[in-house]
$ cat model.csv   # CSV, C-alpha atoms
chain,number,residue,atom,x,y,z
M,294,MET,CA,-13.5,-0.4,27.8
M,295,LYS,CA,-13.4,-3.1,25.2
M,296,LYS,CA,-13.8,-2.6,21.4
M,297,LEU,CA,-13.3,-4.5,18.2
M,298,PHE,CA,-11.4,-3.1,15.2
M,299,THR,CA,-11.0,-4.8,11.8
M,300,SER,CA,-8.6,-4.2,8.9
M,301,GLU,CA,-8.2,-6.0,5.6
M,302,SER,CA,-5.5,-6.8,3.1
M,303,VAL,CA,-5.3,-8.4,-0.4
M,304,THR,CA,-2.7,-10.5,-2.2
M,305,LYS,CA,-0.8,-9.2,-5.2
M,306,GLY,CA,-3.1,-11.2,-7.4
M,307,HIS,CA,-6.2,-9.2,-6.4
M,308,PRO,CA,-7.3,-7.4,-9.6
M,309,ASP,CA,-7.0,-3.9,-8.0
M,310,LYS,CA,-3.5,-4.7,-6.7
M,311,LEU,CA,-2.6,-6.2,-10.1
M,312,CYS,CA,-3.4,-2.8,-11.6
M,313,ASP,CA,-1.4,-1.0,-8.9
M,314,TYR,CA,1.6,-3.3,-9.6
M,315,ILE,CA,1.5,-2.7,-13.3
M,316,SER,CA,1.3,1.1,-12.8
M,317,ASP,CA,4.2,1.1,-10.4
M,318,SER,CA,6.3,-1.1,-12.6
M,319,ILE,CA,5.7,1.3,-15.5
M,320,LEU,CA,6.7,4.2,-13.2
M,321,ASP,CA,9.9,2.3,-12.2
M,322,GLY,CA,10.7,1.7,-15.9
M,323,TYR,CA,10.7,5.4,-16.6
M,324,LEU,CA,12.6,6.4,-13.5
M,325,GLU,CA,15.3,3.8,-14.2
M,326,LEU,CA,16.1,5.7,-17.4
M,327,ASP,CA,15.1,9.2,-16.5
M,328,LYS,CA,14.9,10.2,-12.9
M,329,ASN,CA,13.0,13.4,-13.8
M,330,SER,CA,10.1,11.5,-15.5
M,331,ARG,CA,6.7,12.8,-14.7
M,332,VAL,CA,4.3,9.9,-14.5
M,333,ALA,CA,0.6,9.6,-13.7
M,334,CYS,CA,-0.2,6.1,-14.9
M,335,GLU,CA,-3.6,4.3,-14.5
M,336,THR,CA,-4.3,0.7,-15.3
M,337,VAL,CA,-7.7,-1.0,-15.8
M,338,ALA,CA,-8.0,-4.8,-15.8
M,339,SER,CA,-11.0,-6.7,-17.1
M,340,LYS,CA,-11.8,-10.0,-18.8
M,341,GLY,CA,-8.8,-10.8,-21.0
M,342,GLN,CA,-7.7,-7.2,-21.3
M,343,ILE,CA,-5.5,-4.6,-19.8
M,344,PHE,CA,-5.9,-0.9,-20.5
M,345,VAL,CA,-3.1,1.5,-19.6
M,346,THR,CA,-3.7,5.3,-19.7
M,347,GLY,CA,-2.4,8.5,-18.1
M,348,GLU,CA,0.0,11.3,-18.6
M,349,ILE,CA,3.7,10.8,-18.9
M,350,THR,CA,6.5,13.2,-19.8
M,351,SER,CA,9.9,11.7,-20.0
M,352,SER,CA,13.1,11.4,-22.1
M,353,ALA,CA,12.9,7.7,-21.6
M,354,LYS,CA,11.4,5.3,-24.1
M,355,ILE,CA,10.1,2.0,-22.6
M,356,ASP,CA,8.1,-0.9,-23.9
M,357,ILE,CA,5.0,-0.6,-21.8
M,358,GLU,CA,3.3,-3.7,-23.2
M,359,LYS,CA,6.3,-5.8,-22.3
M,360,ILE,CA,6.2,-4.5,-18.7
M,361,VAL,CA,2.5,-5.2,-18.5
M,362,ARG,CA,2.9,-8.8,-19.6
M,363,GLU,CA,6.0,-9.4,-17.4
M,364,THR,CA,4.2,-8.0,-14.4
M,365,ILE,CA,1.1,-10.2,-14.9
M,366,LYS,CA,3.4,-13.2,-15.3
M,367,SER,CA,5.3,-12.4,-12.1
M,368,VAL,CA,2.0,-12.4,-10.2
M,369,GLY,CA,1.3,-15.9,-11.5
M,370,TYR,CA,-1.6,-15.3,-13.9
M,371,ASP,CA,-1.4,-17.7,-16.9
M,372,ASN,CA,-5.0,-19.1,-17.3
M,373,GLU,CA,-7.6,-17.2,-19.3
M,374,LEU,CA,-10.3,-19.6,-18.2
M,375,THR,CA,-10.0,-18.7,-14.5
M,376,ASP,CA,-8.3,-15.3,-14.2
M,377,ILE,CA,-6.1,-13.8,-17.0
M,378,ASP,CA,-3.2,-15.1,-19.1
M,379,TYR,CA,-0.2,-12.8,-19.6
M,380,ARG,CA,0.5,-14.4,-23.0
M,381,THR,CA,-2.9,-14.0,-24.6
M,382,CYS,CA,-4.5,-11.0,-22.9
M,383,LYS,CA,-5.1,-7.8,-25.0
M,384,VAL,CA,-3.1,-4.8,-23.9
M,385,GLU,CA,-4.2,-1.3,-24.9
M,386,ILE,CA,-2.2,1.8,-24.3
M,387,ASN,CA,-3.4,5.5,-24.4
M,388,ILE,CA,-0.7,7.8,-23.0
M,389,SER,CA,-0.5,11.5,-23.4
M,390,GLU,CA,2.0,14.1,-22.0
M,391,GLN,CA,1.6,15.9,-18.6
M,392,SER,CA,-0.4,19.1,-18.8
M,393,HIS,CA,1.8,22.1,-19.3
M,394,ASP,CA,-0.3,24.0,-16.8
M,395,ILE,CA,0.7,21.5,-14.1
M,396,TRP,CA,4.3,21.6,-15.2
M,397,LEU,CA,4.4,25.4,-14.7
M,398,GLY,CA,3.9,24.9,-11.0
M,399,THR,CA,6.0,21.8,-10.5
M,400,ASN,CA,9.2,22.5,-12.6
M,401,ASP,CA,12.5,22.8,-10.8
M,402,ASP,CA,12.4,26.6,-10.8
M,403,VAL,CA,9.1,26.7,-8.9
M,404,GLY,CA,9.2,23.3,-7.1
M,405,GLY,CA,5.5,23.5,-6.2
M,406,ALA,CA,3.1,20.7,-5.3
M,407,GLY,CA,1.7,18.8,-8.3
M,408,ASP,CA,-1.8,19.2,-6.9
M,409,GLN,CA,-3.8,20.5,-3.9
M,410,GLY,CA,-4.5,17.9,-1.3
M,411,LEU,CA,-4.2,16.8,2.3
M,412,MET,CA,-2.1,13.8,3.4
M,413,PHE,CA,-1.9,11.9,6.6
M,414,GLY,CA,0.8,9.9,8.4
M,415,PHE,CA,0.3,7.7,11.4
M,416,ALA,CA,2.3,5.5,13.8
M,417,CYS,CA,1.6,3.7,17.1
M,418,ASP,CA,3.5,1.4,19.4
M,419,GLU,CA,1.3,-1.7,19.0
M,420,THR,CA,3.9,-3.5,16.8
M,421,LYS,CA,7.6,-3.4,16.2
M,422,ASN,CA,7.2,-1.6,12.9
M,423,TYR,CA,4.9,1.0,14.5
M,424,MET,CA,1.8,-0.1,12.6
M,425,PRO,CA,-1.6,-0.8,14.0
M,426,LEU,CA,-2.0,-4.5,14.8
M,427,PRO,CA,-5.0,-5.3,12.7
M,428,ILE,CA,-3.5,-4.1,9.4
M,429,HIS,CA,-0.1,-5.5,10.3
M,430,LEU,CA,-1.6,-9.0,10.8
M,431,ALA,CA,-3.8,-8.7,7.7
M,432,HIS,CA,-0.8,-7.9,5.5
M,433,ALA,CA,1.2,-10.7,7.1
M,434,LEU,CA,-1.6,-13.1,6.2
M,435,SER,CA,-1.8,-11.9,2.6
M,436,LYS,CA,1.9,-12.1,2.2
M,437,LYS,CA,2.0,-15.6,3.7
M,438,LEU,CA,-0.9,-16.7,1.4
M,439,THR,CA,1.2,-15.6,-1.6
M,440,GLN,CA,4.3,-17.3,-0.2
M,441,VAL,CA,2.8,-20.8,0.3
M,442,ARG,CA,1.4,-20.5,-3.3
M,443,GLU,CA,4.7,-19.4,-4.9
M,444,GLU,CA,6.8,-22.0,-3.0
M,445,ASN,CA,4.3,-24.8,-3.9
M,446,ILE,CA,3.5,-25.5,-0.3
M,447,LEU,CA,-0.1,-25.3,-1.2
M,448,LYS,CA,0.0,-26.2,-4.9
M,449,TYR,CA,-3.7,-25.7,-5.5
M,450,LEU,CA,-3.8,-22.0,-4.8
M,451,ARG,CA,-4.2,-19.3,-7.4
M,452,PRO,CA,-3.1,-15.7,-7.1
M,453,ASP,CA,-6.2,-13.8,-6.0
M,454,GLY,CA,-7.0,-13.5,-2.3
M,455,LYS,CA,-8.1,-11.3,0.6
M,456,THR,CA,-7.6,-11.4,4.3
M,457,GLN,CA,-9.2,-9.7,7.2
M,458,VAL,CA,-8.4,-9.5,10.9
M,459,THR,CA,-10.5,-8.3,13.8
M,460,VAL,CA,-8.6,-7.4,17.0
M,461,GLU,CA,-10.2,-6.9,20.4
M,462,TYR,CA,-8.9,-3.9,22.4
M,463,GLU,CA,-9.1,-3.2,26.0
M,464,ASN,CA,-8.4,0.4,27.0
M,465,ASP,CA,-6.8,0.9,23.6
M,466,ILE,CA,-4.4,-2.0,24.1
M,467,PRO,CA,-4.7,-5.0,21.7
M,468,ILE,CA,-5.4,-8.1,23.8
M,469,ARG,CA,-6.6,-10.8,21.4
M,470,VAL,CA,-7.6,-11.7,17.8
M,471,ASP,CA,-11.4,-12.1,17.6
M,472,THR,CA,-11.9,-13.1,14.0
M,473,VAL,CA,-9.8,-14.1,11.0
M,474,VAL,CA,-11.2,-14.2,7.4
M,475,VAL,CA,-9.3,-15.6,4.5
M,476,SER,CA,-10.7,-15.9,1.0
M,477,THR,CA,-8.3,-17.5,-1.5
M,478,GLN,CA,-8.6,-18.5,-5.2
M,479,HIS,CA,-8.0,-22.2,-5.8
M,480,VAL,CA,-8.0,-24.8,-8.6
M,481,ASP,CA,-11.3,-26.5,-9.2
M,482,THR,CA,-10.3,-29.9,-8.0
M,483,VAL,CA,-9.3,-29.1,-4.4
M,484,ASP,CA,-11.3,-30.4,-1.5
M,485,LEU,CA,-12.6,-27.3,0.4
M,486,GLU,CA,-12.2,-28.9,3.8
M,487,LEU,CA,-8.6,-29.7,3.1
M,488,LEU,CA,-8.1,-26.1,1.9
M,489,ARG,CA,-9.6,-24.7,5.1
M,490,LYS,CA,-7.4,-27.0,7.2
M,491,ASP,CA,-4.3,-26.1,5.3
M,492,ILE,CA,-5.0,-22.3,5.5
M,493,ILE,CA,-5.3,-22.5,9.3
M,494,ASN,CA,-2.2,-24.6,9.7
M,495,ASP,CA,0.1,-23.2,7.1
M,496,VAL,CA,-1.0,-19.6,6.9
M,497,ILE,CA,-2.9,-18.4,10.0
M,498,ASN,CA,-1.0,-20.3,12.7
M,499,SER,CA,2.4,-19.4,11.2
M,500,VAL,CA,1.6,-15.7,11.2
M,501,ILE,CA,-0.5,-14.9,14.2
M,502,SER,CA,1.2,-15.3,17.6
M,503,LYS,CA,-0.5,-17.8,20.0
M,504,GLU,CA,-0.7,-15.1,22.6
M,505,TYR,CA,-3.4,-13.4,20.6
M,506,MET,CA,-5.4,-16.6,19.8
M,507,ASP,CA,-7.9,-18.4,22.1
M,508,SER,CA,-10.7,-20.9,22.0
M,509,ASN,CA,-13.2,-18.1,21.1
M,510,THR,CA,-11.2,-16.9,18.0
M,511,LYS,CA,-13.4,-17.4,14.9
M,512,TYR,CA,-12.1,-18.5,11.5
M,513,TYR,CA,-13.9,-18.0,8.2
M,514,ILE,CA,-12.0,-19.6,5.4
M,515,ASN,CA,-13.6,-19.2,1.9
M,516,PRO,CA,-16.9,-18.6,3.6
M,517,THR,CA,-18.8,-18.7,0.3
M,518,GLY,CA,-17.3,-22.0,-0.7
M,519,ARG,CA,-15.8,-22.1,-4.2
M,520,PHE,CA,-13.4,-19.4,-5.3
M,521,VAL,CA,-12.2,-20.7,-8.7
M,522,ILE,CA,-12.8,-17.7,-10.9
M,523,GLY,CA,-10.6,-14.8,-9.7
M,524,GLY,CA,-8.4,-12.0,-10.9
M,525,PRO,CA,-9.7,-9.7,-13.7
M,526,LEU,CA,-12.1,-12.4,-14.9
M,527,GLY,CA,-13.9,-12.5,-11.6
M,528,ASP,CA,-13.9,-8.8,-10.9
M,529,SER,CA,-12.5,-5.8,-12.8
M,530,GLY,CA,-9.4,-4.0,-11.4
M,531,LEU,CA,-8.4,-0.4,-11.2
M,532,THR,CA,-5.3,1.5,-10.0
M,533,GLY,CA,-5.8,3.3,-6.7
M,534,ARG,CA,-8.8,1.5,-5.4
M,535,LYS,CA,-7.2,0.0,-2.3
M,536,ILE,CA,-6.1,3.2,-0.5
M,537,ILE,CA,-7.1,1.9,2.9
M,538,VAL,CA,-5.2,-1.3,2.4
M,539,ASP,CA,-2.2,0.8,1.3
M,540,THR,CA,-2.1,2.8,4.5
M,541,TYR,CA,-3.4,2.0,8.0
M,542,GLY,CA,-6.4,-0.2,7.4
M,543,GLY,CA,-8.8,2.5,8.5
M,544,TYR,CA,-7.2,2.9,11.9
M,545,ALA,CA,-6.0,6.4,10.9
M,546,ARG,CA,-7.5,9.0,8.6
M,547,HIS,CA,-6.7,9.1,4.9
M,548,GLY,CA,-6.6,12.2,2.7
M,549,GLY,CA,-8.2,10.4,-0.3
M,550,GLY,CA,-5.3,10.4,-2.8
M,551,ALA,CA,-4.0,7.1,-4.1
M,552,PHE,CA,-0.3,6.3,-4.4
M,553,SER,CA,0.5,3.8,-7.3
M,554,GLY,CA,1.5,5.0,-10.7
M,555,LYS,CA,2.4,8.5,-9.5
M,556,ASP,CA,5.9,10.0,-9.6
M,557,PRO,CA,7.1,11.8,-6.4
M,558,THR,CA,6.2,15.3,-7.5
M,559,LYS,CA,2.6,14.2,-6.7
M,560,VAL,CA,2.3,15.0,-3.0
M,561,ASP,CA,-0.5,12.5,-2.7
M,562,ARG,CA,2.4,10.0,-2.6
M,563,SER,CA,5.5,11.7,-1.5
M,564,ALA,CA,3.9,13.8,1.3
M,565,SER,CA,2.1,10.7,2.7
M,566,TYR,CA,5.4,8.9,2.8
M,567,MET,CA,7.0,11.9,4.6
M,568,ALA,CA,4.1,12.2,7.0
M,569,ARG,CA,4.5,8.5,8.0
M,570,HIS,CA,8.3,9.1,8.5
M,571,ILE,CA,7.6,11.9,10.9
M,572,ALA,CA,4.8,10.2,12.8
M,573,LYS,CA,6.9,7.0,13.1
M,574,ASN,CA,9.9,8.9,14.5
M,575,ILE,CA,7.8,10.8,17.0
M,576,VAL,CA,6.7,7.4,18.4
M,577,ALA,CA,10.1,5.8,18.0
M,578,ASN,CA,11.7,8.7,19.8
M,579,ASN,CA,9.3,8.0,22.8
M,580,MET,CA,7.6,11.4,22.4
M,581,ALA,CA,4.2,9.7,22.2
M,582,LYS,CA,2.6,6.3,22.0
M,583,LYS,CA,0.5,7.3,19.1
M,584,CYS,CA,0.7,10.0,16.5
M,585,GLU,CA,-1.1,11.3,13.5
M,586,ILE,CA,0.1,14.1,11.3
M,587,GLN,CA,-1.7,16.0,8.5
M,588,ILE,CA,0.1,18.0,5.8
M,589,SER,CA,-1.8,20.0,3.2
M,590,TYR,CA,-0.7,21.6,0.0
M,591,ALA,CA,-1.9,24.0,-2.8
M,592,ILE,CA,-1.0,23.3,-6.4
M,593,GLY,CA,2.2,25.1,-7.5
M,594,ILE,CA,3.1,26.2,-3.9
M,595,ALA,CA,6.2,24.7,-2.4
M,596,LYS,CA,5.5,25.0,1.3
M,597,PRO,CA,2.6,23.3,3.0
M,598,VAL,CA,-0.5,25.3,3.6
M,599,SER,CA,-0.9,23.7,7.0
M,600,ILE,CA,0.7,21.0,9.3
M,601,TYR,CA,-1.3,19.4,12.1
M,602,ILE,CA,-0.2,16.9,14.8
M,603,ASP,CA,-2.4,14.9,17.1
M,604,THR,CA,-0.9,12.5,19.7
M,605,PHE,CA,-4.2,11.6,21.2
M,606,GLY,CA,-3.2,12.6,24.7
M,607,THR,CA,-0.3,10.1,24.7
M,608,SER,CA,2.7,12.5,24.4
M,609,ASN,CA,5.3,13.3,26.9
M,610,ILE,CA,5.6,16.9,25.6
M,611,SER,CA,3.0,19.2,24.1
M,612,ASP,CA,1.9,18.7,20.5
M,613,LYS,CA,2.8,22.3,19.9
M,614,LYS,CA,6.4,21.6,20.9
M,615,ILE,CA,6.5,18.5,18.7
M,616,LEU,CA,5.2,20.6,15.8
M,617,GLY,CA,8.1,23.1,16.5
M,618,ILE,CA,10.6,20.2,16.3
M,619,VAL,CA,9.1,19.0,13.0
M,620,ASN,CA,9.2,22.4,11.5
M,621,SER,CA,12.8,23.0,12.4
M,622,LYS,CA,13.9,19.5,11.4
M,623,PHE,CA,12.3,18.9,8.0
M,624,ASP,CA,11.9,20.6,4.7
M,625,LEU,CA,8.4,19.7,3.7
M,626,SER,CA,8.4,21.2,0.2
M,627,PRO,CA,8.0,18.6,-2.5
M,628,LYS,CA,11.6,19.0,-3.6
M,629,GLY,CA,12.8,18.8,0.1
M,630,ILE,CA,10.8,15.6,0.6
M,631,ILE,CA,12.0,14.0,-2.7
M,632,ASP,CA,15.7,14.7,-1.9
M,633,TYR,CA,15.4,13.6,1.8
M,634,LEU,CA,13.7,10.3,1.0
M,635,SER,CA,15.5,9.7,-2.3
M,636,LEU,CA,12.3,9.3,-4.2
M,637,LYS,CA,13.6,9.6,-7.7
M,638,ASN,CA,14.9,6.1,-7.6
M,639,PRO,CA,12.9,3.2,-9.2
M,640,ILE,CA,11.6,1.8,-5.9
M,641,TYR,CA,7.9,1.9,-6.4
M,642,ALA,CA,7.1,-1.7,-7.4
M,643,LEU,CA,8.5,-2.6,-3.9
M,644,THR,CA,5.8,-0.5,-2.3
M,645,THR,CA,2.8,-1.8,-4.1
M,646,ASN,CA,1.8,-4.9,-2.2
M,647,TYR,CA,1.1,-5.6,1.5
M,648,GLY,CA,1.0,-1.9,2.4
M,649,HIS,CA,3.2,1.1,1.7
M,650,PHE,CA,4.2,1.4,5.4
M,651,GLY,CA,5.9,-0.8,7.9
M,652,LYS,CA,8.5,-2.2,5.5
M,653,GLU,CA,11.9,-1.5,7.0
M,654,ASN,CA,13.8,-1.4,3.6
M,655,LEU,CA,12.0,1.8,2.5
M,656,THR,CA,13.6,5.2,3.3
M,657,TRP,CA,10.5,6.7,5.0
M,658,GLU,CA,10.6,3.8,7.5
M,659,LYS,CA,14.1,4.7,8.8
M,660,VAL,CA,14.3,5.6,12.5
M,661,ILE,CA,16.3,8.7,13.2
M,662,LYS,CA,17.0,10.9,16.2
M,663,LEU,CA,14.7,13.9,16.3
M,664,VAL,CA,16.4,15.9,19.0
$ encode --input "model.csv" --output "structure tokens"
Amino acid sequence: MKKLFTSESVTKGHPDKLCDYISDSILDGYLELDKNSRVACETVASKGQIFVTGEITSSAKIDIEKIVRETIKSVGYDNELTDIDYRTCKVEINISEQSHDIWLGTNDDVGGAGDQGLMFGFACDETKNYMPLPIHLAHALSKKLTQVREENILKYLRPDGKTQVTVEYENDIPIRVDTVVVSTQHVDTVDLELLRKDIINDVINSVISKEYMDSNTKYYINPTGRFVIGGPLGDSGLTGRKIIVDTYGGYARHGGGAFSGKDPTKVDRSASYMARHIAKNIVANNMAKKCEIQISYAIGIAKPVSIYIDTFGTSNISDKKILGIVNSKFDLSPKGIIDYLSLKNPIYALTTNYGHFGKENLTWEKVIKLV
């Protein structure tokens, strides 16, 4: 049976991702000085303005406005007429301390979850990094789009952009790329036909293997035409609005909680990372070709309320036996996860862009021996 499946990604200049990046950079700033910082940081971006809010309790004192402007600069935004200018934009900050009621359930004596919730992890054998092929390719295109801009290979590009890849499957095996969509911000003077030609040659063809492309593969490059106005000037941005981009591109389920701006006591983030680690190693250890795991928590309670594993009929041993291995191997309390994955380090700006999974330099992506 044949089917089509599509996933999307965005560049680090997308307004939502800009907000994620600012929130994670602020989180890193606090963790660098105080590893026990409690941070729940939200960012809003709009025309010429950045608004940072949330709850932060820390012994560290950092210059949030400086981090905001440095982050915007690093993305490449310096034009208030087409997107946002790091030098002239207005920055507003409204930060309060973490609720004492939440602290009561998450302090070191209790070690409970910072909120109730359900988190999912997923892995499959479609790619070398155990990610589904559609989101893997979409992220690779977005990353390449940023690279050719930052390295001045395509000098007319601006930071905002989106990619989308549709993969055709036959009997659940990816066989070809059916459609590629790339929308990229550009300067006003570029010829659109040149842009479309360059994107195909310098971005798409350098990312997607020829084995997946054929004469029927469709390309849509800036299908609306002009894309000069971008970033927060073209569309407002908000932390946590790209949760499907951050995870598995819709290929696997999502618990609903966002990642960016949250310290690891928030199981929305830390348990999702741990669930990915477990699912990846179930596949990497050849126990199954595909695996999804759900872990759920109650606020203030250390141990998970439930753990569920589904290998979709692809496992060599029963899902029940795999669950037994997981329960004996891993401490899934928030503190156990934080210690195991070294999550008190300032690593979070590294996670923000091009997905939180599939990057080999992150602790939850490490392949281990399960038995």
$ closest_residue --input "model.csv" --among "M:Tyr566, M:Tyr370, M:Tyr462, M:Phe605" --to "M:Cys417" --atoms "all atoms listed in the file"
M:Phe605
$ residues_around --input "model.csv" --residues "stretch 637-645 of chain M" --least-positions-apart "3" --cutoff "9 Å" --atoms "all atoms listed in the file" --output "MDAnalysis selection string"
chainID M and resid 305 310 313:325 327:330 539 552:554 556:557 631:632 634 648:650 652 655
$ atom_distance --input "model.csv" --atom1 "atom CA of M:Ile615" --atom2 "atom CA of M:Tyr544"
21.8 Å
$ atom_distance --input "model.csv" --atom1 "atom CA of M:Lys659" --atom2 "atom CA of M:Ile594"
27.3 Å
$ residues_around --input "model.csv" --residues "stretch 428-440 of chain M" --least-positions-apart "5" --cutoff "10 Å" --atoms "all atoms listed in the file" --output "PyMOL selection string"
chain M and resi 298-306+368-369+419-423+445-447+450-460+470+473-477+492+495-502+537-544+646-648+650-651
$ closest_residue --input "model.csv" --among "M:Pro516, M:Ser508, M:Ser608, M:Gly524" --to "M:Tyr379" --atoms "only C-alpha atoms"
M:Gly524
$ residues_near_point --input "model.csv" --point "(-2.7, 3.4, -20.6)" --cutoff "9 Å" --atoms "all atoms listed in the file" --output "list of chain:residue names"
M:Cys334, M:Glu335, M:Thr336, M:Val337, M:Ile343, M:Phe344, M:Val345, M:Thr346, M:Gly347, M:Glu348, M:Ile357, M:Val384, M:Glu385, M:Ile386, M:Asn387, M:Ile388, M:Ser389
$ atom_distance --input "model.csv" --atom1 "atom CA of M:Val598" --atom2 "atom CA of M:Lys555"
21.5 Å
$ closest_residue --input "model.csv" --among "M:Ser529, M:Tyr601, M:Ile588, M:Glu658" --to "M:Leu625" --atoms "all atoms listed in the file"
M:Ile588
$ closest_residue --input "model.csv" --among "M:Gly341, M:Gly593, M:Gly518, M:Pro467" --to "M:Met506" --atoms "all atoms listed in the file"
M:Pro467
$ closest_residue --input "model.csv" --among "M:Gly629, M:Gly523, M:Pro308, M:Gly606" --to "M:Gln478" --atoms "all atoms listed in the file"
M:Gly523
$ closest_residue --input "model.csv" --among "M:Ala406, M:Asn578, M:Leu485, M:His547" --to "M:Ile630" --atoms "only C-alpha atoms"
M:Ala406
$ residues_around --input "model.csv" --residues "M:Gln409" --least-positions-apart "2" --cutoff "6 Å" --atoms "all atoms listed in the file" --output "ChimeraX atom specification"
/M:590-592
$ residues_around --input "model.csv" --residues "M:Thr604" --least-positions-apart "2" --cutoff "10 Å" --atoms "only C-alpha atoms" --output "list of chain:residue names"
M:Phe415, M:Ala416, M:Cys417, M:Ala572, M:Ile575, M:Val576, M:Met580, M:Ala581, M:Lys582, M:Lys583, M:Cys584, M:Glu585, M:Ile586, M:Ile602, M:Gly606, M:Thr607, M:Ser608, M:Asn609, M:Ile610, M:Ser611, M:Asp612, M:Ile615
